[in-house]
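K.L.:
The structure under discussion is supplied below as structure tokens; questions concerning it will follow.
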There are 2 protein chains.
Amino acid sequence: MPPTQKELAKLAGVSSGTVSNVISGSTKVSERSRQKVLEAIRVLNYHPNLIARSLKTNRTRTLGIVIPDITIPFFPKIIRGAECAARERGYFLIVLDSEGSPERESEMFALLRAQRIEGMLLVTASGEELTPEKWDALSSSFPVVCLDRLPVNLDIDSVCVDDCGAAEMAISYLMGCGHKEIAVITGPLSLRNEQERVRGYRQALQKGGIAVQRSLIWNGSFEQDEVARVCQNGMLRPTGRPTALFATNGVTGLAALRSLYSVGLSTPKDFAFITFDEITAEDFFRPGITSVVQPTFDMGYRAVEVLLERIEKGKEDGSRRTRVRLPATLTVRESSGAPLALAASKESTARRQTRGRAVRTR
Amino acid sequence: MPPTQKELAKLAGVSSGTVSNVISGSTKVSERSRQKVLEAIRVLNYHPNLIARSLKTNRTRTLGIVIPDITIPFFPKIIRGAECAARERGYFLIVLDSEGSPERESEMFALLRAQRIEGMLLVTASGEELTPEKWDALSSSFPVVCLDRLPVNLDIDSVCVDDCGAAEMAISYLMGCGHKEIAVITGPLSLRNEQERVRGYRQALQKGGIAVQRSLIWNGSFEQDEVARVCQNGMLRPTGRPTALFATNGVTGLAALRSLYSVGLSTPKDFAFITFDEITAEDFFRPGITSVVQPTFDMGYRAVEVLLERIEKGKEDGSRRTRVRLPATLTVRESSGAPLALAASKESTARRQTRGRAVRTR
DNA sequence: TTCCCGAAATGAGACGTCTCATTCAGAGAG
DNA sequence: CTCTCTGAATGAGACGTCTCATTTCGGGAA
């Protein structure tokens, strides 16, 4: 049984109130008493019980973040940003991995709530399953900021990237290289950002005066096997084969490349390729993969800022939501083909940026 | 202010004890009372206060893990394993990132302790700074299992890989390919496992009858710039240039490759290369990197097993420590050179394994 | 010496939950 | 109708901390 303040008080020969004052440093305590208490702390190897403290003060100075898969490099980078912002403001950040399961997500949500953390960041695993009713049950009058994957139809604080604009930028770039048959391979379309990225794809083609072909929109997922089937199907067919491929996220993109490589196709030789999200160290490997790079650190950082703002305000104006939308960047490497031939040998990062904006809506 | 059991009791017209029994499901409660309480829970949107519960029961069913850098893919994989084992046994796992700072590590350690989590996994950021005295102050009579980077001179439960043996295996493989000038680039040697891996390097050379050359042991770090300097220095000098390079960890290995590529050298053309740890998706990129692969998931999983065992036992026999040492695997890809030329085109993973063992010492 | 004042110390009470000894209600036996 | 027994319900008390109204103390002024 760990020692308590009461035992400290007995040993130091002072009252429990004095001990508490020494520990929390609130009121003035005479130097003599303070020393006696500090000595007792040393002797008993006392560690304050934050549980009891939280119960009394009703504060935990702790935030939580629930993400769907910690092994996807995208999320740790977000966590870093969030952690950084939290620390700067004197909060701790707790990380939980829902492993892509909506049930686990709900459990974790409930757990963190029950632990009385003060607010949460959420990258949901639920997609469209997260209905407004379900949402209300989970989060009513609890501060939550959604990141990256925004639930559909939910009015909520959020931080994400300009998915549509970024996808449009990538497709425009491919068109600029002369491509006309551009396919897109998606992740699960139950996720709002996947939908947005497909929208950007369509928009770019339309603006470029190219008809959107049904047969070039490949509905994929995060599963290697499924993506492989869809991609090989599309790339190996005798007619209507695209000259370029755009993947709407890094996991799907890596799966697509892997599957096409395995049947002897390669990029940029056989097809131009761009993916949303970075794949670790792709500035180094060959071929380098042209990517839509998201400001991951900033996303986490901003999300915590928004969350703390929400917490401060409390419920006083619960209806006004903050929606932050950050710009993404296109980093051009070998996989997107031709134009790179002109570039210098070192690291050729032609960068373009979507217009970023932080909008506040009612 | 969230609703409490007392309010539930009032609304449901039963006593607080009955409410508690319904919620924790311990004692028998009549169906009528149960329904009234459940209804009240729904109406008030009640969420139990785990803080208060923990205070009373002195249990949190929560474990923690502190790691030095969540953006290194190695750690998320360990977390996955730990999380899995924890869940199977009804525990939650909280993740904290010390960002490589011993001070932050101490803080987080203290925080988790103060939160009365029941045990901790630790991949220390401290290296040799973690003296026995410091350790005692932090962890006295608190269950901790160290992972991967074991503090020097500390008698403590631990799970790690057979670092020495795995390094020896990698070097032997290179020697088997005919290499005689083999350099090693290390991370910070304040870390025990880095030392072990260098030991394995020496051991392999000695067994093969090759003299260990001072000038081929390159003392590096986790910093890109420092590693670049050391590697370029060693590889570009006019004489005594090695034909093979072994990196003792993935971060350093990637930094080394990057720096050598940037000066026009490449593997396996100019030098054979093996690194400890995998680099994401290297089965896919070209050149594929030959790697010493650690059983990351198992490490996390086993660590939680060891931790829970320690927790169960409590202090009853505090002196007997469990030391688990898992086997690592060599996955051969292009970067290690010659023999691969013979191999098939697909994915050539010649695997070797170190002898693994789980030892229990006093 | 007495009185007063401010600083320092005190300790009871509350936070929300669980526990457990006690009380209660109802059914069945006599 | 009373007594007994059993299962259900009760509610006071404790967990470790902080708060705050109250008390104590010591020194300076009168």
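Residue names in the structure tokens use chain letters A, B, ... in the order shown, residue numbers from 1 in each chain, and ligand numbers from 1 in the order shown.
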From the DSSP assignment of the backbone, select every residue of range 96-299 of chain A that is strand (DSSP E or B), and format the answer as a count of residues only.
P.N.:
34
K.L.:
Got a sec to pull out which chain B residues are within 9 Å of chain C, counting only C-alpha atoms (C1' of nucleotides), and send them as a PyMOL selection string?
P.N.:
chain B and resi 4-6+17+20-21+48-57
K.L.:
Could you please tell me, as a PyMOL selection string, which residues of chain A have an atom within 7 Å of chain B when using only C-alpha atoms?
P.N.:
chain A and resi 47-52+55+70-71+73+76-77+94-96+114-115+258+280+284-286
K.L.:
Using only C-alpha atoms (C1' of nucleotides), I'd like every residue of chain D that has an atom within 8 Å of chain B; please write them out as a list in words.
P.N.:
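Contact residues on the first chain: DA8, DA9, DT10, DG11, DA14, DC15 and DG16 of chain D.
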K.L.:
What is the CA of Gly208 in chain B to CA of Arg325 in chain B distance in Å?
P.N.:
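Taking CA of Gly208 in chain B as the start and CA of Arg325 in chain B as the end point, the length is 25.0 Å.
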K.L.:
Closest to Lys269 in chain B among B:Val227, B:Val161, B:Ser335, B:Ile289, using only C-alpha atoms?
P.N.:
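With only C-alpha atoms as the atom set, the closest residue is B:Ser335.
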K.L.:
Report as a VMD selection string: the residues of range 111-297 of chain B with a DSSP assignment of alpha helix (DSSP H), based on the backbone of this structure.
P.N.:
chain B and resid 111 to 114 132 to 139 163 to 176 192 to 207 224 to 236 250 to 262 296 to 297
K.L.:
Ranking B:Glu334, B:Glu133, B:Glu118, B:Glu168 by minimum distance to Thr290 in chain B and counting only C-alpha atoms, which one comes first?
P.N.:
B:Glu334
K.L.:
Given the choices B:Met175, B:Met299, B:Ser101, B:Gly240, which gets closest to Gly209 in chain B if the distance is worked out from only C-alpha atoms?
P.N.:
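Counting only C-alpha atoms, the residue closest to Gly209 in chain B is B:Met175.
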K.L.:
I want to know what sits within 12 Å of Leu150 in chain B, based on only C-alpha atoms (C1' of nucleotides), with residues of the same chain fewer than 6 positions away left out; could you give that as number ranges by chain?
P.N.:
B: 121-131, 144, 156-161, 163, 190-196, 323-325
K.L.:
Keeping only N, CA and C atoms, take the residues you just selected and write them out as an mmCIF file, in the first residue's frame.
P.N.:
```cif
data_model
loop_
_atom_site.group_PDB
_atom_site.id
_atom_site.type_symbol
_atom_site.label_atom_id
_atom_site.label_comp_id
_atom_site.auth_asym_id
_atom_site.auth_seq_id
_atom_site.Cartn_x
_atom_site.Cartn_y
_atom_site.Cartn_z
ATOM 1 N N LEU B 121 5.417 -0.815 -19.256
ATOM 2 C CA LEU B 121 6.470 -1.265 -20.159
ATOM 3 C C LEU B 121 7.320 -0.045 -20.469
ATOM 4 N N LEU B 122 8.613 -0.262 -20.553
ATOM 5 C CA LEU B 122 9.492 0.874 -20.792
ATOM 6 C C LEU B 122 10.548 0.549 -21.834
ATOM 7 N N VAL B 123 10.573 1.378 -22.880
ATOM 8 C CA VAL B 123 11.731 1.370 -23.763
ATOM 9 C C VAL B 123 12.443 2.666 -23.449
ATOM 10 N N THR B 124 13.513 2.556 -22.711
ATOM 11 C CA THR B 124 14.093 3.758 -22.133
ATOM 12 C C THR B 124 14.787 4.642 -23.170
ATOM 13 N N ALA B 125 14.758 5.924 -22.897
ATOM 14 C CA ALA B 125 15.465 6.882 -23.732
ATOM 15 C C ALA B 125 16.799 7.226 -23.092
ATOM 16 N N SER B 126 17.044 6.675 -21.914
ATOM 17 C CA SER B 126 18.125 7.187 -21.080
ATOM 18 C C SER B 126 19.493 6.575 -21.313
ATOM 19 N N GLY B 127 19.552 5.386 -21.856
ATOM 20 C CA GLY B 127 20.854 4.762 -21.997
ATOM 21 C C GLY B 127 21.537 4.650 -20.652
ATOM 22 N N GLU B 128 22.792 5.018 -20.613
ATOM 23 C CA GLU B 128 23.537 4.823 -19.371
ATOM 24 C C GLU B 128 23.220 5.860 -18.299
ATOM 25 N N GLU B 129 22.481 6.890 -18.706
ATOM 26 C CA GLU B 129 22.102 7.874 -17.694
ATOM 27 C C GLU B 129 21.203 7.273 -16.621
ATOM 28 N N LEU B 130 20.567 6.164 -16.977
ATOM 29 C CA LEU B 130 19.634 5.563 -16.035
ATOM 30 C C LEU B 130 20.392 4.739 -15.011
ATOM 31 N N THR B 131 20.886 5.431 -14.012
ATOM 32 C CA THR B 131 21.659 4.757 -12.977
ATOM 33 C C THR B 131 20.747 3.994 -12.033
ATOM 34 N N VAL B 144 7.642 -2.986 -13.504
ATOM 35 C CA VAL B 144 8.119 -2.455 -14.776
ATOM 36 C C VAL B 144 8.812 -3.565 -15.567
ATOM 37 N N ILE B 156 16.280 -6.452 -13.606
ATOM 38 C CA ILE B 156 14.908 -6.080 -13.891
ATOM 39 C C ILE B 156 14.292 -7.019 -14.921
ATOM 40 N N ASP B 157 12.976 -7.180 -14.858
ATOM 41 C CA ASP B 157 12.303 -7.996 -15.864
ATOM 42 C C ASP B 157 12.536 -7.372 -17.230
ATOM 43 N N SER B 158 12.726 -8.206 -18.236
ATOM 44 C CA SER B 158 12.990 -7.623 -19.540
ATOM 45 C C SER B 158 12.630 -8.568 -20.679
ATOM 46 N N VAL B 159 12.389 -7.957 -21.815
ATOM 47 C CA VAL B 159 12.156 -8.701 -23.043
ATOM 48 C C VAL B 159 12.985 -8.042 -24.128
ATOM 49 N N CYS B 160 13.820 -8.792 -24.771
ATOM 50 C CA CYS B 160 14.558 -8.223 -25.878
ATOM 51 C C CYS B 160 14.931 -9.312 -26.859
ATOM 52 N N VAL B 161 15.687 -8.923 -27.855
ATOM 53 C CA VAL B 161 16.074 -9.843 -28.895
ATOM 54 C C VAL B 161 17.497 -10.295 -28.619
ATOM 55 N N ASP B 163 20.395 -9.814 -29.421
ATOM 56 C CA ASP B 163 21.090 -8.816 -30.237
ATOM 57 C C ASP B 163 22.441 -9.297 -30.727
ATOM 58 N N SER B 190 25.631 4.350 -25.834
ATOM 59 C CA SER B 190 25.156 4.338 -24.450
ATOM 60 C C SER B 190 24.024 3.329 -24.293
ATOM 61 N N LEU B 191 23.445 2.890 -25.382
ATOM 62 C CA LEU B 191 22.377 1.897 -25.318
ATOM 63 C C LEU B 191 22.960 0.487 -25.310
ATOM 64 N N ARG B 192 22.519 -0.278 -24.370
ATOM 65 C CA ARG B 192 23.024 -1.624 -24.193
ATOM 66 C C ARG B 192 22.902 -2.471 -25.460
ATOM 67 N N ASN B 193 21.751 -2.378 -26.152
ATOM 68 C CA ASN B 193 21.598 -3.266 -27.300
ATOM 69 C C ASN B 193 22.526 -2.890 -28.448
ATOM 70 N N GLU B 194 22.870 -1.625 -28.536
ATOM 71 C CA GLU B 194 23.858 -1.239 -29.546
ATOM 72 C C GLU B 194 25.199 -1.887 -29.226
ATOM 73 N N GLN B 195 25.559 -1.859 -27.986
ATOM 74 C CA GLN B 195 26.806 -2.496 -27.557
ATOM 75 C C GLN B 195 26.798 -3.979 -27.906
ATOM 76 N N GLU B 196 25.671 -4.609 -27.625
ATOM 77 C CA GLU B 196 25.554 -6.042 -27.882
ATOM 78 C C GLU B 196 25.722 -6.367 -29.364
ATOM 79 N N ARG B 323 13.789 -12.879 -17.649
ATOM 80 C CA ARG B 323 14.464 -12.276 -18.797
ATOM 81 C C ARG B 323 14.131 -13.070 -20.038
ATOM 82 N N VAL B 324 13.404 -12.456 -20.918
ATOM 83 C CA VAL B 324 13.032 -13.141 -22.153
ATOM 84 C C VAL B 324 13.907 -12.625 -23.276
ATOM 85 N N ARG B 325 14.405 -13.551 -24.069
ATOM 86 C CA ARG B 325 15.262 -13.168 -25.175
ATOM 87 C C ARG B 325 14.743 -13.902 -26.408
#
```
